[in-house]
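**Student:** File entry-v6.tsv below, TSV, C-alpha atoms:
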```tsv
chain	number	residue	atom	x	y	z
A	1	MET	CA	12.19	-18.17	-13.48
A	2	ALA	CA	9.83	-15.44	-14.76
A	3	LEU	CA	9.41	-13.99	-11.28
A	4	ALA	CA	13.17	-13.96	-10.66
A	5	GLN	CA	13.73	-12.12	-13.94
A	6	ASN	CA	10.90	-9.69	-13.29
A	7	LEU	CA	12.15	-9.00	-9.76
A	8	ALA	CA	15.66	-8.32	-11.05
A	9	GLN	CA	14.28	-5.87	-13.62
A	10	VAL	CA	12.18	-4.08	-10.99
A	11	HIS	CA	15.22	-3.80	-8.70
A	12	ASP	CA	17.26	-2.37	-11.60
A	13	ARG	CA	14.58	0.24	-12.27
A	14	ILE	CA	14.37	1.12	-8.57
A	15	ALA	CA	18.13	1.57	-8.46
A	16	ALA	CA	18.10	3.79	-11.54
A	17	ALA	CA	15.29	5.96	-10.18
A	18	CYS	CA	17.13	6.32	-6.87
A	19	ARG	CA	20.29	7.37	-8.66
A	20	ARG	CA	18.39	10.00	-10.64
A	21	SER	CA	16.90	11.43	-7.45
A	22	ASN	CA	20.02	11.09	-5.27
A	23	ARG	CA	18.29	8.67	-2.92
A	24	SER	CA	19.42	5.44	-1.30
A	25	GLU	CA	17.63	2.27	-2.39
A	26	SER	CA	17.19	1.50	1.30
A	27	GLU	CA	14.71	4.39	1.47
A	28	VAL	CA	12.25	2.62	-0.84
A	29	ALA	CA	10.33	-0.48	0.27
A	30	LEU	CA	9.13	-2.87	-2.42
A	31	MET	CA	5.66	-4.21	-1.65
A	32	ALA	CA	4.62	-7.25	-3.69
A	33	VAL	CA	0.91	-6.92	-4.45
A	34	THR	CA	-0.43	-10.47	-4.43
A	35	LYS	CA	-4.13	-9.69	-4.49
A	36	MET	CA	-6.01	-12.05	-6.81
A	37	HIS	CA	-3.03	-14.41	-6.95
A	38	PRO	CA	-3.05	-17.80	-5.21
A	39	ALA	CA	-1.05	-18.77	-2.13
A	40	ALA	CA	1.47	-20.54	-4.36
A	41	THR	CA	2.44	-17.18	-5.86
A	42	VAL	CA	3.05	-15.74	-2.40
A	43	ILE	CA	5.26	-18.73	-1.55
A	44	GLU	CA	7.23	-18.24	-4.77
A	45	ALA	CA	7.68	-14.54	-4.03
A	46	TYR	CA	8.79	-15.31	-0.49
A	47	ALA	CA	11.35	-17.80	-1.82
A	48	ALA	CA	12.63	-15.05	-4.13
A	49	GLY	CA	13.38	-12.89	-1.08
A	50	LEU	CA	10.28	-10.70	-0.89
A	51	ARG	CA	8.91	-10.12	2.59
A	52	LEU	CA	6.46	-7.19	2.26
A	53	PHE	CA	3.10	-7.99	0.67
A	54	GLY	CA	-0.09	-6.09	-0.13
A	55	GLU	CA	-3.59	-7.54	-0.29
A	56	ASN	CA	-6.88	-5.85	-1.15
A	57	ARG	CA	-9.54	-7.96	0.51
A	58	VAL	CA	-9.86	-9.25	4.05
A	59	GLN	CA	-11.64	-12.46	3.07
A	60	GLU	CA	-9.23	-13.27	0.25
A	61	TRP	CA	-6.21	-12.96	2.55
A	62	GLN	CA	-7.92	-14.91	5.30
A	63	GLU	CA	-8.41	-17.80	2.88
A	64	LYS	CA	-4.87	-17.68	1.51
A	65	SER	CA	-3.15	-17.18	4.84
A	66	VAL	CA	-4.04	-20.70	6.01
A	67	ALA	CA	-1.50	-22.10	3.56
A	68	LEU	CA	1.09	-19.47	4.46
A	69	ALA	CA	1.31	-19.74	8.23
A	70	HIS	CA	4.85	-21.12	7.98
A	71	LEU	CA	6.14	-17.89	6.41
A	72	ILE	CA	6.68	-16.35	9.81
A	73	ASP	CA	8.67	-13.22	8.94
A	74	MET	CA	6.49	-11.87	6.16
A	75	GLU	CA	4.63	-8.57	6.58
A	76	VAL	CA	1.21	-8.16	4.99
A	77	HIS	CA	-0.65	-4.87	4.60
A	78	LEU	CA	-4.26	-4.29	3.61
A	79	ILE	CA	-4.08	-1.83	0.73
A	80	GLY	CA	-7.72	-1.88	-0.43
A	81	PRO	CA	-10.78	-0.11	0.96
A	82	LEU	CA	-12.01	-1.50	4.28
A	83	GLN	CA	-15.65	-2.02	5.18
A	84	SER	CA	-16.58	-1.19	8.76
A	85	ASN	CA	-17.83	-4.72	9.44
A	86	LYS	CA	-14.40	-6.12	8.52
A	87	THR	CA	-12.30	-3.93	10.82
A	88	THR	CA	-11.95	-6.44	13.66
A	89	ARG	CA	-10.80	-9.24	11.36
A	90	ALA	CA	-8.48	-6.85	9.49
A	91	ALA	CA	-6.79	-5.83	12.74
A	92	GLU	CA	-6.24	-9.51	13.51
A	93	LEU	CA	-4.93	-10.51	10.08
A	94	PHE	CA	-2.78	-7.63	8.86
A	95	HIS	CA	0.40	-5.99	10.12
A	96	ALA	CA	-0.84	-2.58	8.90
A	97	ILE	CA	-3.87	-1.00	7.23
A	98	ASP	CA	-2.77	1.22	4.35
A	99	ALA	CA	-6.06	2.65	3.10
A	100	VAL	CA	-7.88	4.34	5.98
A	101	ASP	CA	-10.21	7.00	4.63
A	102	SER	CA	-12.47	8.01	7.52
A	103	LEU	CA	-12.43	8.65	11.24
A	104	ARG	CA	-15.18	6.06	11.64
A	105	ILE	CA	-13.01	3.29	10.20
A	106	ALA	CA	-10.02	4.53	12.21
A	107	ALA	CA	-12.00	4.44	15.44
A	108	ARG	CA	-13.18	0.89	14.78
A	109	LEU	CA	-9.63	-0.20	14.01
A	110	ASN	CA	-8.46	1.49	17.20
A	111	ALA	CA	-11.01	-0.44	19.26
A	112	ALA	CA	-10.05	-3.71	17.57
A	113	ALA	CA	-6.34	-3.10	18.07
A	114	ALA	CA	-6.89	-2.17	21.72
A	115	ALA	CA	-8.77	-5.42	22.28
A	116	LEU	CA	-5.82	-7.29	20.77
A	117	GLY	CA	-3.32	-5.36	22.90
A	118	ARG	CA	-1.41	-4.06	19.90
A	119	LYS	CA	-0.45	-0.83	18.19
A	120	LEU	CA	-1.68	-0.91	14.60
A	121	PRO	CA	0.10	1.22	11.97
A	122	ILE	CA	-2.21	2.89	9.44
A	123	LEU	CA	-1.80	4.95	6.31
A	124	ILE	CA	-4.38	7.49	5.25
A	125	GLU	CA	-5.53	7.25	1.65
A	126	VAL	CA	-5.90	10.65	0.01
A	127	LYS	CA	-7.98	11.02	-3.14
A	128	LEU	CA	-6.16	13.43	-5.43
A	129	SER	CA	-7.89	12.24	-8.61
A	130	HIS	CA	-11.42	13.18	-9.68
A	131	GLU	CA	-12.16	9.61	-10.79
A	132	GLU	CA	-15.24	8.16	-9.08
A	133	SER	CA	-13.59	4.74	-8.85
A	134	LYS	CA	-10.84	6.06	-6.57
A	135	HIS	CA	-11.11	5.98	-2.78
A	136	GLY	CA	-9.73	8.28	-0.10
A	137	ILE	CA	-10.37	11.52	1.73
A	138	ALA	CA	-10.19	14.92	0.08
A	139	PRO	CA	-6.94	16.80	0.77
A	140	ALA	CA	-8.86	19.53	2.60
A	141	GLU	CA	-10.17	16.91	5.05
A	142	LEU	CA	-6.73	15.64	6.05
A	143	PRO	CA	-6.00	18.09	8.93
A	144	ALA	CA	-9.34	17.34	10.60
A	145	LEU	CA	-8.84	13.59	10.24
A	146	LEU	CA	-5.36	13.77	11.73
A	147	ALA	CA	-6.71	15.80	14.64
A	148	GLY	CA	-9.42	13.19	15.16
A	149	LEU	CA	-6.84	10.41	15.22
A	150	SER	CA	-4.81	12.05	17.97
A	151	PRO	CA	-6.78	10.57	20.92
A	152	LEU	CA	-6.78	7.05	19.41
A	153	GLU	CA	-3.95	5.37	21.27
A	154	SER	CA	-3.97	1.94	19.60
A	155	ILE	CA	-3.42	3.08	16.01
A	156	ILE	CA	-0.39	4.94	14.67
A	157	PRO	CA	-0.76	7.11	11.54
A	158	VAL	CA	2.54	6.46	9.78
A	159	GLY	CA	1.98	7.90	6.32
A	160	LEU	CA	-0.17	8.76	3.33
A	161	MET	CA	-1.20	6.75	0.28
A	162	THR	CA	-2.65	7.70	-3.09
A	163	VAL	CA	-3.58	6.17	-6.46
A	164	PRO	CA	-3.33	8.59	-9.40
A	165	PRO	CA	-5.22	8.12	-12.68
A	166	TRP	CA	-3.76	5.19	-14.60
A	167	SER	CA	-1.52	5.84	-17.58
A	168	GLU	CA	1.16	3.80	-19.34
A	169	ASP	CA	3.32	6.92	-19.22
A	170	PRO	CA	4.47	7.63	-15.64
A	171	GLU	CA	4.83	11.37	-16.21
A	172	PRO	CA	1.12	12.30	-15.83
A	173	ALA	CA	1.20	10.80	-12.33
A	174	ARG	CA	4.06	13.01	-11.17
A	175	PRO	CA	1.92	16.00	-10.03
A	176	TYR	CA	-0.19	13.68	-7.87
A	177	PHE	CA	2.93	12.28	-6.22
A	178	ARG	CA	4.28	15.77	-5.60
A	179	GLU	CA	1.01	16.85	-4.02
A	180	LEU	CA	0.93	13.86	-1.68
A	181	ARG	CA	4.48	14.63	-0.60
A	182	ARG	CA	3.50	18.27	0.00
A	183	LEU	CA	0.54	17.17	2.12
A	184	ARG	CA	2.77	14.82	4.12
A	185	ASP	CA	5.38	17.50	4.70
A	186	ALA	CA	2.74	20.01	5.77
A	187	SER	CA	1.33	17.50	8.27
A	188	LEU	CA	4.56	16.50	9.97
A	189	THR	CA	4.56	19.27	12.56
A	190	GLY	CA	1.24	18.18	13.98
A	191	CYS	CA	1.76	14.46	13.32
A	192	PRO	CA	5.48	13.60	13.40
A	193	THR	CA	4.86	9.88	12.87
A	194	LEU	CA	3.45	10.58	9.39
A	195	THR	CA	6.68	9.91	7.50
A	196	ARG	CA	5.79	7.34	4.85
A	197	LEU	CA	4.54	7.88	1.31
A	198	SER	CA	2.94	4.84	-0.33
A	199	MET	CA	2.72	5.77	-3.98
A	200	GLY	CA	3.74	4.21	-7.27
A	201	MET	CA	2.62	1.01	-8.99
A	202	SER	CA	3.89	-1.06	-11.90
A	203	ASN	CA	3.20	1.63	-14.48
A	204	ASP	CA	4.52	4.69	-12.63
A	205	PHE	CA	6.79	3.65	-9.74
A	206	THR	CA	9.93	5.23	-11.19
A	207	ALA	CA	8.30	8.68	-11.15
A	208	ALA	CA	6.96	7.98	-7.66
A	209	ILE	CA	10.45	7.19	-6.35
A	210	GLU	CA	11.82	10.36	-7.93
A	211	GLU	CA	9.07	12.31	-6.13
A	212	GLY	CA	9.79	10.82	-2.72
A	213	SER	CA	7.87	7.55	-2.41
A	214	THR	CA	8.96	5.36	0.50
A	215	CYS	CA	6.91	2.34	-0.61
A	216	ILE	CA	5.99	1.21	-4.11
A	217	ARG	CA	3.20	-1.31	-4.66
A	218	ILE	CA	4.11	-3.68	-7.47
A	219	GLY	CA	1.87	-6.43	-8.82
A	220	THR	CA	1.74	-6.80	-12.59
A	221	ALA	CA	5.44	-6.04	-13.15
A	222	LEU	CA	6.29	-8.97	-10.87
A	223	PHE	CA	3.52	-11.51	-11.40
A	224	GLY	CA	1.72	-10.66	-14.62
A	225	LYS	CA	-2.06	-10.60	-14.79
A	226	ARG	CA	-3.98	-11.59	-11.71
A	227	GLN	CA	-5.40	-15.09	-11.51
A	228	TYR	CA	-7.03	-15.61	-8.12
A	229	PRO	CA	-10.48	-17.04	-8.97
A	230	ASN	CA	-12.71	-15.67	-6.22
A	231	ALA	CA	-11.85	-11.98	-6.20
A	232	THR	CA	-12.83	-8.92	-8.18
A	233	ALA	CA	-10.49	-6.23	-9.39
A	234	THR	CA	-9.98	-3.14	-7.26
A	235	ASN	CA	-7.46	-0.34	-7.25
A	236	GLU	CA	-4.09	-1.17	-5.73
```
What would the structure in this file look like if it were written as structure tokens?

**Tutor:**
Amino acid sequence: MALAQNLAQVHDRIAAACRRSNRSESEVALMAVTKMHPAATVIEAYAAGLRLFGENRVQEWQEKSVALAHLIDMEVHLIGPLQSNKTTRAAELFHAIDAVDSLRIAARLNAAAAALGRKLPILIEVKLSHEESKHGIAPAELPALLAGLSPLESIIPVGLMTVPPWSEDPEPARPYFRELRRLRDASLTGCPTLTRLSMGMSNDFTAAIEEGSTCIRIGTALFGKRQYPNATATNE
């Protein structure tokens, strides 16, 4: 019951933010962040109608996915940093990789996707914060990375992602969301597939929607504190 109530509240807040920004709710995807939650939580979320999920760790999802093979129409994205030695398994397990931050990782994903005979969507994570704990490329490095991705035929750069400094108040995050949208818009001429903006979490997703987010990543507002026993906390 708690999840159903939380989901209804999140949908209400999405709708209100879309009204304020003259957007359609259909423009905003709700990603349920189930990292550090057990498979049972994913099953409950699926039963509640959620189909898009975000996970942070390759090994954690590999372990959980065994119990979730019957959920055939779910879509799972890797939203945490990816180590180079995990790229092959990530390409096998996930529908998309949402936190690519180097040409080296992109090239390894491209090779893995080519071996699987698939086209793998990726998002590029941009570090707009000065916090050492945050991942991503510097904004100035984005044009060169996009140029380097151009010859890689088995991955498709579909958007940008960022994680602003955390605050209970969503307003301080707004400039970071605006900057990511500016970077996306400036990149579209050279990379027309780069249409998505993954930005906004439980504490700031209303501001993110108002600034153009096409995907919000919601964990705590849906599920409460994380409980999966064998994982460590990372940025979502």

**Student:** Could you make a table, as a Markdown table, of the residues of stretch 35-61 of chain A that have an atom within 6 Å of an atom of stretch 65-80 of chain A, each with its nearest atom pair and distance in Å to one decimal, counting all atoms listed in the file, in chain and number order?

**Tutor:**
```
| residue | atom | partner | partner_atom | distance |
| --- | --- | --- | --- | --- |
| A:Arg51 | CA | A:Met74 | CA | 4.7 |
| A:Leu52 | CA | A:Glu75 | CA | 4.9 |
| A:Phe53 | CA | A:Val76 | CA | 4.7 |
| A:Gly54 | CA | A:His77 | CA | 4.9 |
| A:Glu55 | CA | A:Leu78 | CA | 5.1 |
| A:Asn56 | CA | A:Gly80 | CA | 4.1 |
| A:Trp61 | CA | A:Ser65 | CA | 5.7 |
```

**Student:** Smallest atom-to-atom distance to A:Leu180: which of A:Cys18, A:Met201, A:Ala113, A:Leu160, using only C-alpha atoms?

**Tutor:**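 When distances to A:Leu180 are compared using only C-alpha atoms, the smallest one comes from A:Leu160.
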
**Student:** Would you please work out which residue, of A:Pro143, A:Gly148, A:Gly159, A:Gly224, is nearest to A:Ile124 when using all atoms listed in the file?

**Tutor:**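 Closest residue, counting all atoms listed in the file: A:Gly159.
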
**Student:** May I ask for the distance between atom CA of A:Leu50 and atom CA of A:Ala32, given in Å to one decimal place?

**Tutor:**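 Those two atoms sit 7.2 Å apart.
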
**Student:** Any idea what the distance is between atom CA of A:Tyr176 and atom CA of A:Pro81?

**Tutor:**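 So the answer is 19.5 Å.
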